[in-house]
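**Q** So here's query31.json, just JSON, C-alpha atoms:
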[["chain", "number", "residue", "atom", "x", "y", "z"],
["A", 10, "MET", "CA", 0.00, 0.00, 0.00],
["A", 11, "THR", "CA", 1.41, 3.40, -0.91],
["A", 12, "SER", "CA", 2.29, 5.58, 2.07],
["A", 13, "HIS", "CA", 1.23, 9.22, 1.94],
["A", 14, "ARG", "CA", 3.18, 10.42, 4.99],
["A", 15, "HIS", "CA", 5.57, 12.58, 3.02],
["A", 16, "HIS", "CA", 6.44, 16.23, 2.75],
["A", 17, "PRO", "CA", 4.60, 18.08, -0.01],
["A", 18, "HIS", "CA", 6.53, 19.86, -2.71],
["A", 19, "GLN", "CA", 7.60, 23.44, -2.07],
["A", 20, "LEU", "CA", 6.99, 26.31, -4.47],
["A", 21, "LEU", "CA", 9.69, 28.72, -5.59],
["A", 22, "GLY", "CA", 8.49, 31.16, -8.24],
["A", 23, "ARG", "CA", 5.80, 28.74, -9.49],
["A", 24, "SER", "CA", 2.08, 28.44, -8.77],
["A", 25, "GLU", "CA", -0.01, 25.48, -7.66],
["A", 26, "GLN", "CA", -2.08, 25.93, -10.82],
["A", 27, "GLU", "CA", 1.01, 25.54, -12.97],
["A", 28, "LEU", "CA", 1.98, 22.31, -11.22],
["A", 29, "ALA", "CA", -1.53, 20.91, -11.68],
["A", 30, "TRP", "CA", -1.22, 20.81, -15.49],
["A", 31, "PHE", "CA", -1.64, 17.02, -15.58],
["A", 32, "GLN", "CA", -5.15, 17.32, -14.08],
["A", 33, "ARG", "CA", -6.67, 19.25, -16.99],
["A", 34, "ARG", "CA", -9.56, 17.43, -18.61],
["A", 35, "SER", "CA", -8.28, 18.23, -22.10],
["A", 36, "LEU", "CA", -4.87, 16.74, -21.30],
["A", 37, "LEU", "CA", -6.32, 13.63, -19.70],
["A", 38, "GLN", "CA", -8.48, 13.06, -22.78],
["A", 39, "ALA", "CA", -5.52, 13.65, -25.09],
["A", 40, "ALA", "CA", -3.34, 11.28, -23.06],
["A", 41, "ALA", "CA", -6.01, 8.56, -23.06],
["A", 42, "LEU", "CA", -6.32, 8.88, -26.83],
["A", 43, "TRP", "CA", -2.53, 8.88, -27.13],
["A", 44, "VAL", "CA", -2.20, 5.63, -25.18],
["A", 45, "ALA", "CA", -5.18, 3.99, -26.91],
["A", 46, "SER", "CA", -3.68, 4.73, -30.32],
["A", 47, "GLY", "CA", -0.38, 3.08, -29.46],
["A", 48, "GLY", "CA", 1.53, 5.84, -27.67],
["A", 49, "TRP", "CA", 5.07, 6.82, -28.52],
["A", 50, "SER", "CA", 5.95, 3.62, -30.40],
["A", 51, "ALA", "CA", 2.99, 4.00, -32.77],
["A", 52, "ALA", "CA", 3.72, 7.69, -33.25],
["A", 53, "HIS", "CA", 7.24, 6.85, -34.36],
["A", 54, "ALA", "CA", 6.19, 3.94, -36.57],
["A", 55, "GLN", "CA", 3.32, 5.81, -38.23],
["A", 56, "GLY", "CA", 5.09, 9.15, -38.57],
["A", 57, "ARG", "CA", 2.34, 11.04, -36.74],
["A", 58, "SER", "CA", 2.65, 13.88, -34.26],
["A", 59, "ASN", "CA", 4.33, 13.12, -30.95],
["A", 60, "ILE", "CA", 2.77, 16.14, -29.22],
["A", 61, "VAL", "CA", 0.39, 15.15, -26.43],
["A", 62, "GLU", "CA", -0.74, 18.70, -25.63],
["A", 63, "LEU", "CA", 0.15, 22.33, -26.33],
["A", 64, "ARG", "CA", -1.15, 25.34, -24.43],
["A", 65, "GLY", "CA", -0.46, 28.98, -25.20],
["A", 66, "ASP", "CA", 2.37, 30.30, -27.35],
["A", 67, "VAL", "CA", 5.07, 27.74, -28.09],
["A", 68, "LEU", "CA", 7.81, 28.14, -30.69],
["A", 69, "ARG", "CA", 9.79, 25.43, -32.44],
["A", 70, "ASN", "CA", 13.00, 26.73, -34.00],
["A", 71, "GLY", "CA", 11.58, 30.24, -33.83],
["A", 72, "GLU", "CA", 8.28, 29.38, -35.55],
["A", 73, "PRO", "CA", 4.85, 28.82, -33.97],
["A", 74, "LEU", "CA", 4.30, 25.20, -33.01],
["A", 75, "THR", "CA", 0.93, 23.49, -33.56],
["A", 76, "ALA", "CA", -0.44, 20.14, -32.40],
["A", 77, "GLN", "CA", -0.10, 18.81, -35.95],
["A", 78, "HIS", "CA", 3.67, 19.30, -35.97],
["A", 79, "THR", "CA", 6.24, 16.77, -34.79],
["A", 80, "ILE", "CA", 9.02, 17.61, -32.36],
["A", 81, "ALA", "CA", 12.34, 15.96, -33.16],
["A", 82, "ALA", "CA", 15.78, 15.85, -31.65],
["A", 83, "ASN", "CA", 17.77, 18.98, -32.60],
["A", 84, "ASP", "CA", 14.68, 21.18, -32.26],
["A", 85, "ARG", "CA", 14.65, 24.25, -30.02],
["A", 86, "ILE", "CA", 11.50, 24.85, -27.96],
["A", 87, "GLU", "CA", 10.44, 28.13, -26.36],
["A", 88, "THR", "CA", 7.32, 28.65, -24.26],
["A", 89, "GLY", "CA", 5.71, 31.98, -23.42],
["A", 90, "PRO", "CA", 3.78, 33.07, -20.32],
["A", 91, "GLY", "CA", 1.04, 30.62, -19.38],
["A", 92, "SER", "CA", 2.25, 28.12, -22.00],
["A", 93, "THR", "CA", 3.29, 24.49, -21.74],
["A", 94, "ALA", "CA", 4.30, 21.71, -24.10],
["A", 95, "VAL", "CA", 3.94, 17.99, -23.39],
["A", 96, "PHE", "CA", 5.50, 15.60, -25.91],
["A", 97, "THR", "CA", 7.59, 12.50, -26.43],
["A", 98, "VAL", "CA", 10.70, 11.87, -28.50],
["A", 99, "GLY", "CA", 11.64, 8.23, -28.82],
["A", 100, "ASN", "CA", 11.15, 6.52, -25.47],
["A", 101, "SER", "CA", 11.43, 9.75, -23.45],
["A", 102, "ALA", "CA", 8.67, 12.15, -22.37],
["A", 103, "PHE", "CA", 8.96, 15.87, -21.65],
["A", 104, "MET", "CA", 6.89, 18.63, -20.09],
["A", 105, "VAL", "CA", 8.26, 22.15, -20.71],
["A", 106, "ARG", "CA", 6.91, 24.76, -18.31],
["A", 107, "GLN", "CA", 6.03, 28.35, -19.18],
["A", 108, "ASN", "CA", 8.76, 30.92, -19.91],
["A", 109, "SER", "CA", 11.31, 28.27, -20.83],
["A", 110, "ARG", "CA", 13.99, 27.88, -23.50],
["A", 111, "VAL", "CA", 15.33, 24.40, -24.19],
["A", 112, "ALA", "CA", 17.17, 22.60, -26.97],
["A", 113, "LEU", "CA", 16.96, 18.92, -27.82],
["A", 114, "GLU", "CA", 20.27, 17.66, -29.17],
["A", 115, "SER", "CA", 21.20, 14.38, -30.81],
["A", 116, "ASP", "CA", 22.90, 12.67, -33.71],
["A", 117, "THR", "CA", 19.58, 11.04, -34.61],
["A", 118, "PRO", "CA", 16.10, 12.62, -34.91],
["A", 119, "THR", "CA", 14.40, 9.77, -33.04],
["A", 120, "ALA", "CA", 16.18, 9.95, -29.66],
["A", 121, "VAL", "CA", 17.32, 12.88, -27.53],
["A", 122, "LYS", "CA", 20.95, 12.58, -26.45],
["A", 123, "ALA", "CA", 21.12, 15.91, -24.60],
["A", 124, "LEU", "CA", 18.50, 18.23, -23.16],
["A", 125, "ARG", "CA", 19.90, 21.74, -22.83],
["A", 126, "VAL", "CA", 17.90, 23.96, -20.44],
["A", 127, "LEU", "CA", 18.74, 27.64, -20.91],
["A", 128, "SER", "CA", 15.95, 29.06, -18.77],
["A", 129, "GLY", "CA", 12.73, 27.87, -17.22],
["A", 130, "ALA", "CA", 11.97, 24.30, -16.28],
["A", 131, "VAL", "CA", 11.45, 20.81, -17.70],
["A", 132, "ALA", "CA", 10.18, 17.60, -16.13],
["A", 133, "SER", "CA", 11.22, 14.51, -18.07],
["A", 134, "VAL", "CA", 11.21, 10.72, -17.97],
["A", 135, "TRP", "CA", 13.89, 8.89, -19.95],
["A", 136, "GLY", "CA", 13.97, 5.34, -21.22],
["A", 137, "LYS", "CA", 17.16, 3.34, -20.88],
["A", 138, "GLY", "CA", 20.04, 4.38, -23.07],
["A", 139, "ALA", "CA", 23.68, 5.41, -22.98],
["A", 140, "ASP", "CA", 25.39, 8.76, -23.33],
["A", 141, "ARG", "CA", 22.45, 11.02, -22.46],
["A", 142, "GLN", "CA", 22.83, 14.34, -20.68],
["A", 143, "ILE", "CA", 20.89, 17.21, -19.22],
["A", 144, "VAL", "CA", 22.89, 20.42, -19.55],
["A", 145, "LEU", "CA", 22.27, 23.49, -17.38],
["A", 146, "PRO", "CA", 24.34, 26.69, -17.52],
["A", 147, "THR", "CA", 25.96, 25.67, -14.21],
["A", 148, "ALA", "CA", 26.02, 21.86, -14.33],
["A", 149, "THR", "CA", 25.91, 18.76, -16.51],
["A", 150, "ALA", "CA", 24.07, 15.55, -15.58],
["A", 151, "GLY", "CA", 24.81, 12.23, -17.22],
["A", 152, "ILE", "CA", 21.64, 10.16, -17.02],
["A", 153, "ARG", "CA", 20.44, 6.64, -17.66],
["A", 154, "GLY", "CA", 16.82, 5.49, -17.51],
["A", 155, "THR", "CA", 15.42, 7.90, -14.94],
["A", 156, "GLY", "CA", 12.92, 10.63, -14.09],
["A", 157, "VAL", "CA", 14.26, 14.14, -13.45],
["A", 158, "TYR", "CA", 13.23, 17.74, -12.95],
["A", 159, "ALA", "CA", 15.54, 20.59, -13.94],
["A", 160, "GLU", "CA", 15.10, 24.35, -13.62],
["A", 161, "VAL", "CA", 17.22, 27.42, -14.33],
["A", 162, "PHE", "CA", 16.67, 30.72, -12.52],
["A", 163, "PRO", "CA", 17.76, 33.67, -14.73],
["A", 164, "ASP", "CA", 17.11, 36.14, -11.91],
["A", 165, "GLN", "CA", 19.64, 34.27, -9.73],
["A", 166, "ALA", "CA", 22.61, 34.45, -12.13],
["A", 167, "LEU", "CA", 21.39, 31.28, -13.92],
["A", 168, "ARG", "CA", 21.46, 29.23, -10.74],
["A", 169, "GLY", "CA", 20.47, 25.68, -11.57],
["A", 170, "TYR", "CA", 18.24, 23.20, -9.76],
["A", 171, "PHE", "CA", 18.34, 19.48, -10.49],
["A", 172, "CYS", "CA", 16.24, 16.73, -8.91],
["A", 173, "ASN", "CA", 16.99, 13.09, -9.60],
["A", 174, "CYS", "CA", 13.45, 11.92, -8.93],
["A", 175, "TYR", "CA", 14.49, 8.29, -9.35],
["A", 176, "GLY", "CA", 17.40, 6.48, -10.97],
["A", 177, "THR", "CA", 21.15, 7.05, -11.20],
["A", 178, "VAL", "CA", 22.72, 10.33, -12.31],
["A", 179, "ASP", "CA", 26.33, 11.50, -12.68],
["A", 180, "LEU", "CA", 26.22, 15.19, -11.77],
["A", 181, "ALA", "CA", 29.12, 17.59, -12.36],
["A", 182, "ALA", "CA", 29.74, 21.31, -11.87],
["A", 183, "GLY", "CA", 33.16, 22.82, -12.43],
["A", 184, "SER", "CA", 35.71, 20.53, -10.77],
["A", 185, "GLU", "CA", 33.07, 18.85, -8.57],
["A", 186, "SER", "CA", 31.24, 15.65, -9.38],
["A", 187, "LEU", "CA", 29.04, 13.17, -7.57],
["A", 188, "VAL", "CA", 26.87, 10.13, -8.24],
["A", 189, "SER", "CA", 23.22, 10.44, -7.22],
["A", 190, "GLN", "CA", 21.30, 7.21, -6.63],
["A", 191, "SER", "CA", 17.71, 8.02, -5.81],
["A", 192, "SER", "CA", 14.46, 6.18, -5.24],
["A", 193, "TYR", "CA", 12.48, 9.28, -4.26],
["A", 194, "HIS", "CA", 13.67, 12.78, -5.19],
["A", 195, "GLN", "CA", 17.31, 13.57, -4.48],
["A", 196, "ALA", "CA", 17.93, 17.23, -5.29],
["A", 197, "PHE", "CA", 20.82, 19.65, -5.70],
["A", 198, "TRP", "CA", 21.50, 23.30, -6.37],
["A", 199, "ALA", "CA", 24.08, 23.97, -9.08],
["A", 200, "GLU", "CA", 25.50, 27.28, -7.94],
["A", 201, "PRO", "CA", 26.90, 29.92, -10.34],
["A", 202, "THR", "CA", 29.63, 30.67, -7.77],
["A", 203, "PRO", "CA", 30.74, 28.56, -4.80],
["A", 204, "ARG", "CA", 28.49, 28.62, -1.76],
["A", 205, "ASN", "CA", 30.31, 27.61, 1.41],
["A", 206, "GLY", "CA", 33.07, 26.42, -0.88],
["A", 207, "ARG", "CA", 30.81, 24.18, -2.98],
["A", 208, "LEU", "CA", 29.17, 24.41, -6.40],
["A", 209, "LEU", "CA", 26.85, 21.43, -5.81],
["A", 210, "THR", "CA", 24.81, 21.83, -2.64],
["A", 211, "PRO", "CA", 21.85, 19.85, -1.23],
["A", 212, "ALA", "CA", 18.37, 21.12, -2.08],
["A", 213, "GLY", "CA", 14.81, 20.37, -1.10],
["A", 214, "ALA", "CA", 12.10, 19.16, -3.48],
["A", 215, "ILE", "CA", 10.67, 22.23, -5.21],
["A", 216, "ASN", "CA", 8.29, 23.04, -8.07],
["A", 217, "HIS", "CA", 7.41, 19.51, -9.20],
["A", 218, "THR", "CA", 5.10, 16.73, -8.06],
["A", 219, "ASP", "CA", 5.01, 12.95, -8.01],
["A", 220, "GLU", "CA", 1.92, 13.01, -10.20],
["A", 221, "GLU", "CA", 3.71, 14.91, -12.97],
["A", 222, "LEU", "CA", 6.43, 12.26, -13.16],
["A", 223, "GLU", "CA", 3.84, 9.47, -13.02],
["A", 224, "PHE", "CA", 1.93, 11.05, -15.90],
["A", 225, "LEU", "CA", 5.05, 11.39, -18.06],
["A", 226, "ALA", "CA", 6.18, 7.85, -17.26],
["A", 227, "GLY", "CA", 2.81, 6.54, -18.37],
["A", 228, "LEU", "CA", 3.20, 8.20, -21.76],
["A", 229, "VAL", "CA", 6.22, 6.00, -22.50],
["A", 230, "ASN", "CA", 4.95, 2.79, -20.87],
["A", 231, "GLN", "CA", 6.97, 3.21, -17.68],
["A", 232, "ARG", "CA", 6.33, 3.45, -13.95],
["A", 233, "THR", "CA", 8.16, 5.54, -11.40],
["A", 234, "ALA", "CA", 10.26, 3.92, -8.67],
["A", 235, "TRP", "CA", 7.62, 4.66, -6.03],
["A", 236, "GLN", "CA", 4.88, 3.16, -8.19],
["A", 237, "VAL", "CA", 6.93, -0.01, -8.54],
["A", 238, "ALA", "CA", 7.74, -0.10, -4.80],
["A", 239, "GLY", "CA", 4.18, 0.71, -3.75],
["A", 240, "ARG", "CA", 5.30, 3.38, -1.28],
["A", 241, "LYS", "CA", 6.63, 6.91, -1.19],
["A", 242, "GLY", "CA", 9.29, 8.64, 0.85],
["A", 243, "VAL", "CA", 9.93, 11.80, 2.81],
["A", 244, "LYS", "CA", 10.09, 14.44, 0.11],
["A", 245, "ASP", "CA", 12.97, 16.39, 1.59],
["A", 246, "GLY", "CA", 15.43, 16.11, -1.30],
["A", 247, "ARG", "CA", 17.45, 13.24, 0.17],
["A", 248, "GLY", "CA", 16.17, 10.60, -2.26],
["A", 249, "GLN", "CA", 14.94, 8.01, 0.23],
["A", 250, "MET", "CA", 11.83, 5.87, 0.33],
["A", 251, "ASP", "CA", 9.57, 5.87, 3.40],
["A", 252, "TYR", "CA", 10.31, 2.67, 5.33],
["A", 253, "SER", "CA", 7.98, 3.34, 8.23],
["A", 254, "ALA", "CA", 5.66, 0.58, 9.39],
["A", 255, "PRO", "CA", 2.15, 0.74, 7.87],
["A", 256, "PRO", "CA", -0.76, 1.83, 10.10],
["A", 257, "GLY", "CA", -1.89, -0.90, 12.50],
["A", 258, "SER", "CA", 1.45, -2.72, 12.59],
["A", 259, "ALA", "CA", 3.65, -3.02, 15.65],
["A", 260, "GLY", "CA", 5.86, -0.07, 16.50],
["A", 261, "ASN", "CA", 5.19, 3.60, 15.96],
["A", 262, "ALA", "CA", 2.69, 3.96, 13.14],
["A", 263, "GLY", "CA", 3.58, 7.62, 12.70],
["A", 264, "ASN", "CA", 7.31, 6.98, 12.42],
["A", 265, "THR", "CA", 8.85, 8.08, 9.15],
["A", 266, "GLY", "CA", 11.60, 5.50, 9.14],
["A", 267, "SER", "CA", 14.27, 7.55, 10.91],
["A", 268, "GLY", "CA", 14.18, 5.85, 14.29],
["A", 269, "GLY", "CA", 12.30, 2.55, 14.03],
["A", 270, "GLY", "CA", 9.72, 1.27, 16.54],
["A", 271, "SER", "CA", 10.73, -0.33, 19.84],
["A", 272, "GLY", "CA", 7.65, -2.47, 20.38],
["A", 273, "SER", "CA", 7.78, -6.25, 20.27],
["A", 274, "GLY", "CA", 7.48, -7.57, 16.73],
["A", 275, "ALA", "CA", 8.30, -4.23, 15.11],
["A", 276, "GLU", "CA", 9.70, -4.62, 11.67],
["A", 277, "PRO", "CA", 13.26, -3.28, 11.38],
["A", 278, "SER", "CA", 13.73, -0.50, 8.86],
["A", 279, "PRO", "CA", 15.79, -1.40, 5.78],
["A", 280, "PRO", "CA", 18.88, 0.71, 5.21],
["A", 281, "PRO", "CA", 18.29, 4.10, 3.58],
["A", 282, "ALA", "CA", 19.08, 4.80, -0.05],
["A", 283, "PRO", "CA", 22.78, 5.42, -0.72],
["A", 284, "ALA", "CA", 23.99, 8.94, -0.08],
["A", 285, "PRO", "CA", 25.69, 10.77, -2.93],
["A", 286, "ALA", "CA", 29.34, 9.94, -3.33],
["A", 287, "ALA", "CA", 31.87, 12.40, -1.95],
["A", 288, "PRO", "CA", 32.82, 15.11, -4.43],
["A", 289, "SER", "CA", 35.91, 14.45, -6.50],
["A", 290, "PRO", "CA", 37.61, 16.29, -9.33],
["A", 291, "ALA", "CA", 35.65, 15.88, -12.55],
["A", 292, "PRO", "CA", 37.42, 14.83, -15.75],
["A", 293, "ALA", "CA", 37.81, 17.44, -18.46],
["A", 294, "SER", "CA", 35.14, 15.77, -20.56],
["A", 295, "ARG", "CA", 32.56, 16.81, -17.97],
["A", 296, "ALA", "CA", 32.88, 20.46, -18.90],
["A", 297, "ARG", "CA", 29.66, 21.95, -20.21],
["A", 298, "PRO", "CA", 29.57, 20.94, -23.89],
["A", 299, "ALA", "CA", 29.32, 23.66, -26.51],
["A", 300, "SER", "CA", 25.91, 24.05, -28.10],
["A", 301, "PRO", "CA", 25.59, 23.66, -31.86],
["A", 302, "TYR", "CA", 23.00, 26.45, -31.75],
["A", 303, "GLY", "CA", 25.45, 29.18, -30.74],
["A", 304, "PRO", "CA", 26.17, 31.01, -27.47],
["A", 305, "ASP", "CA", 22.49, 31.60, -26.66],
["A", 306, "TYR", "CA", 22.03, 27.85, -26.47]]
For this file, write the structure as C-alpha cells.

**A**
Amino acid sequence: MTSHRHHPHQLLGRSEQELAWFQRRSLLQAAALWVASGGWSAAHAQGRSNIVELRGDVLRNGEPLTAQHTIAANDRIETGPGSTAVFTVGNSAFMVRQNSRVALESDTPTAVKALRVLSGAVASVWGKGADRQIVLPTATAGIRGTGVYAEVFPDQALRGYFCNCYGTVDLAAGSESLVSQSSYHQAFWAEPTPRNGRLLTPAGAINHTDEELEFLAGLVNQRTAWQVAGRKGVKDGRGQMDYSAPPGSAGNAGNTGSGGGSGSGAEPSPPPAPAPAAPSPAPASRARPASPYGPDY
C-alpha cells in the first residue's frame, strides 16, 4: 500500500495551478487517446505527431508550433507566459513549463541525447540508453533510464536546480562531481559561484510533483520507482523511500523510518538509499559541452 506520509513539494516562483497541469480534462483526454492509439511507439512507426498537448504560445525553431507538428531531436523549444508543451521523442517524455527555452540535441532525430535547459523548467522521464545528458548553464548531468526535474533561474545568475526523482545520475559542476542514486527525489543546487566552498549543494524538493512524473512515465509505458515499490518517501530532497511501518502494525505507526519502533514484533527498517558519493575532481570531458545552436544555447 502506498504511504502518503511525506512532505509536499515546495513552491519557488511557481504556482499550484502551474503544477496541476496534468489534471486538466483536455490533457487527460488527449493522453487517453494517445495511449489507446499506441503511444510513442505507434507515433514513431506511423510518422504522426508526438505532441500530447500544447497550451499557449510555443515556438519550435523560432516558428509557432501546432499540435499537428512533430518535435524531433535537434529542435529548439520556447514557451511563453502561461504556456506548456507535453511531448515525447523516442522513449522519453517531456513537459516544458512556461517561460522556458530548451534545446533537444542528438545525432539522430528519433532519440534525444542531450536536453539543454537555458531558462525555465522541464520535467522529463527517460527510457534506458547510454550517453544522455541534461545540460544546465551551471552543471551537466549524465543520465540513464530515470525521471528528473531541472530548472534554471535567470534572476539568480542562472542558478540551476536538479532533482533526480528516481534512478542514477552523474552530476558535475566545475571541478566537482558526484553520483546520485535516488528512489524518491534527491535534489541539488548547481550554484553559479561557490556557496560555502561548494558548487553542488543539497536542495529540497521544489516546483514539481510525483503526479507529474507518473503522468510522463505513463506516456512511454513506464512506472516511477515509487509506483513499482508501492510506497513513497519523505520528500525532503534526500532521495529516500519511506520505510515506516504501515498503520496498524507493531511499533510507531507515525514513524517516518528515521528511528524505528521499539515495540515487540516491530519490523526493522531497511537501510536508507545510498547517499551521494563524496565530491571528487571531474574529468575534463565533464565540462559543459558547446551548443551547436550558438552562445544563446

**Q** Against region 72-96 of chain A, which residues of region 120-180 of chain A fall within 9 Å? For each one I want the closest pair of atoms and the distance in Å (one decimal), counting all atoms listed in the file, rows by chain and increasing residue number, as a tab-separated table.

**A**
residue	atom	partner	partner_atom	distance
A:Ala120	CA	A:Ala82	CA	6.2
A:Val121	CA	A:Ala82	CA	5.3
A:Lys122	CA	A:Ala82	CA	8.0
A:Ala123	CA	A:Ala82	CA	8.8
A:Gly129	CA	A:Thr88	CA	8.9

**Q** For the point (14.9, 9.3, -12.6) in the file's frame, write as number ranges by chain all residues with an atom no more than 6 Å away, counting all atoms listed in the file.

**A** A: 155-157, 173-176

**Q** Using all atoms listed in the file, can you tell me which of A:Arg106, A:Lys137, A:Arg204, A:His194 comes closest to Val161 (chain A)?

**A**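 That would be A:Arg106, the residue with the smallest distance to Val161 (chain A).
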
**Q** Between CA of Gly206 (chain A) and CA of Pro146 (chain A), what is the distance, to one decimal in Å?

**A**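 It comes out at 18.8 Å.
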
**Q** What is the distance, in Å and to one decimal place, between CA of Ser191 (chain A) and CA of Tyr158 (chain A)?

**A**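 These atoms are spaced 12.9 Å apart.
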
**Q** Of the candidates A:Leu42, A:Ala148, A:Ala112, A:Leu37, which shows the shortest atom-to-atom distance to Leu68 (chain A), using all atoms listed in the file?

**A**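 Checking each of A:Leu42, A:Ala148, A:Ala112, A:Leu37 against Leu68 (chain A), counting all atoms listed in the file, the winner is A:Ala112.
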
**Q** Quick check, in Å to one decimal: how far apart do CA of Ile143 (chain A) and CA of Val126 (chain A) lie?

**A**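 CA of Val126 (chain A) lies 7.5 Å from CA of Ile143 (chain A).
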
**Q** With all atoms listed in the file as the counted atoms, please give the residues lying no more than 10 Å from Gly213 (chain A), apart from itself and same-chain residues fewer than 2 positions off, as JSON, numbers by chain.

**A** {"A": [18, 19, 170, 172, 194, 195, 196, 197, 198, 211, 215, 216, 244, 245, 246, 247, 248]}

**Q** Find the spatial neighbours of Gly154 (chain A), counting all atoms listed in the file, within a cut-off of 8 Å - ignore same-chain residues fewer than 4 positions away - and output them as a VMD selection string.

**A** chain A and resid 134 to 138 176 to 177

**Q** Using only C-alpha atoms for the distances, tell me which of A:Val243, A:Asn70, A:Leu187, A:Trp235 is nearest to Glu220 (chain A).

**A**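 Using only C-alpha atoms, the shortest distance to Glu220 (chain A) belongs to A:Trp235.
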
**Q** Nearest to Val131 (chain A) among A:Thr117, A:Thr149, A:Ser109, A:Ser101, with distances taken over all atoms listed in the file: which residue is it?

**A**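 Looking at the shortest contact to Val131 (chain A), the residue is A:Ser109.
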
**Q** With only C-alpha atoms as the basis for distance, which of A:Thr218, A:Leu167, A:Tyr193, A:Ser186 is at the shortest distance from Gln26 (chain A)?

**A**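 Using only C-alpha atoms, the shortest distance to Gln26 (chain A) belongs to A:Thr218.
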
**Q** Counting all atoms listed in the file, what is within 8 Å of Ala199 (chain A), bar same-chain residues fewer than 6 positions away, as a VMD selection string?

**A** chain A and resid 147 to 148 168 to 171 182 208 to 210

**Q** Between A:Ala45, A:Ala102, A:Arg23, A:Ile60, which is the closest to Leu228 (chain A) once you count only C-alpha atoms?

**A**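 Using only C-alpha atoms, the shortest distance to Leu228 (chain A) belongs to A:Ala102.
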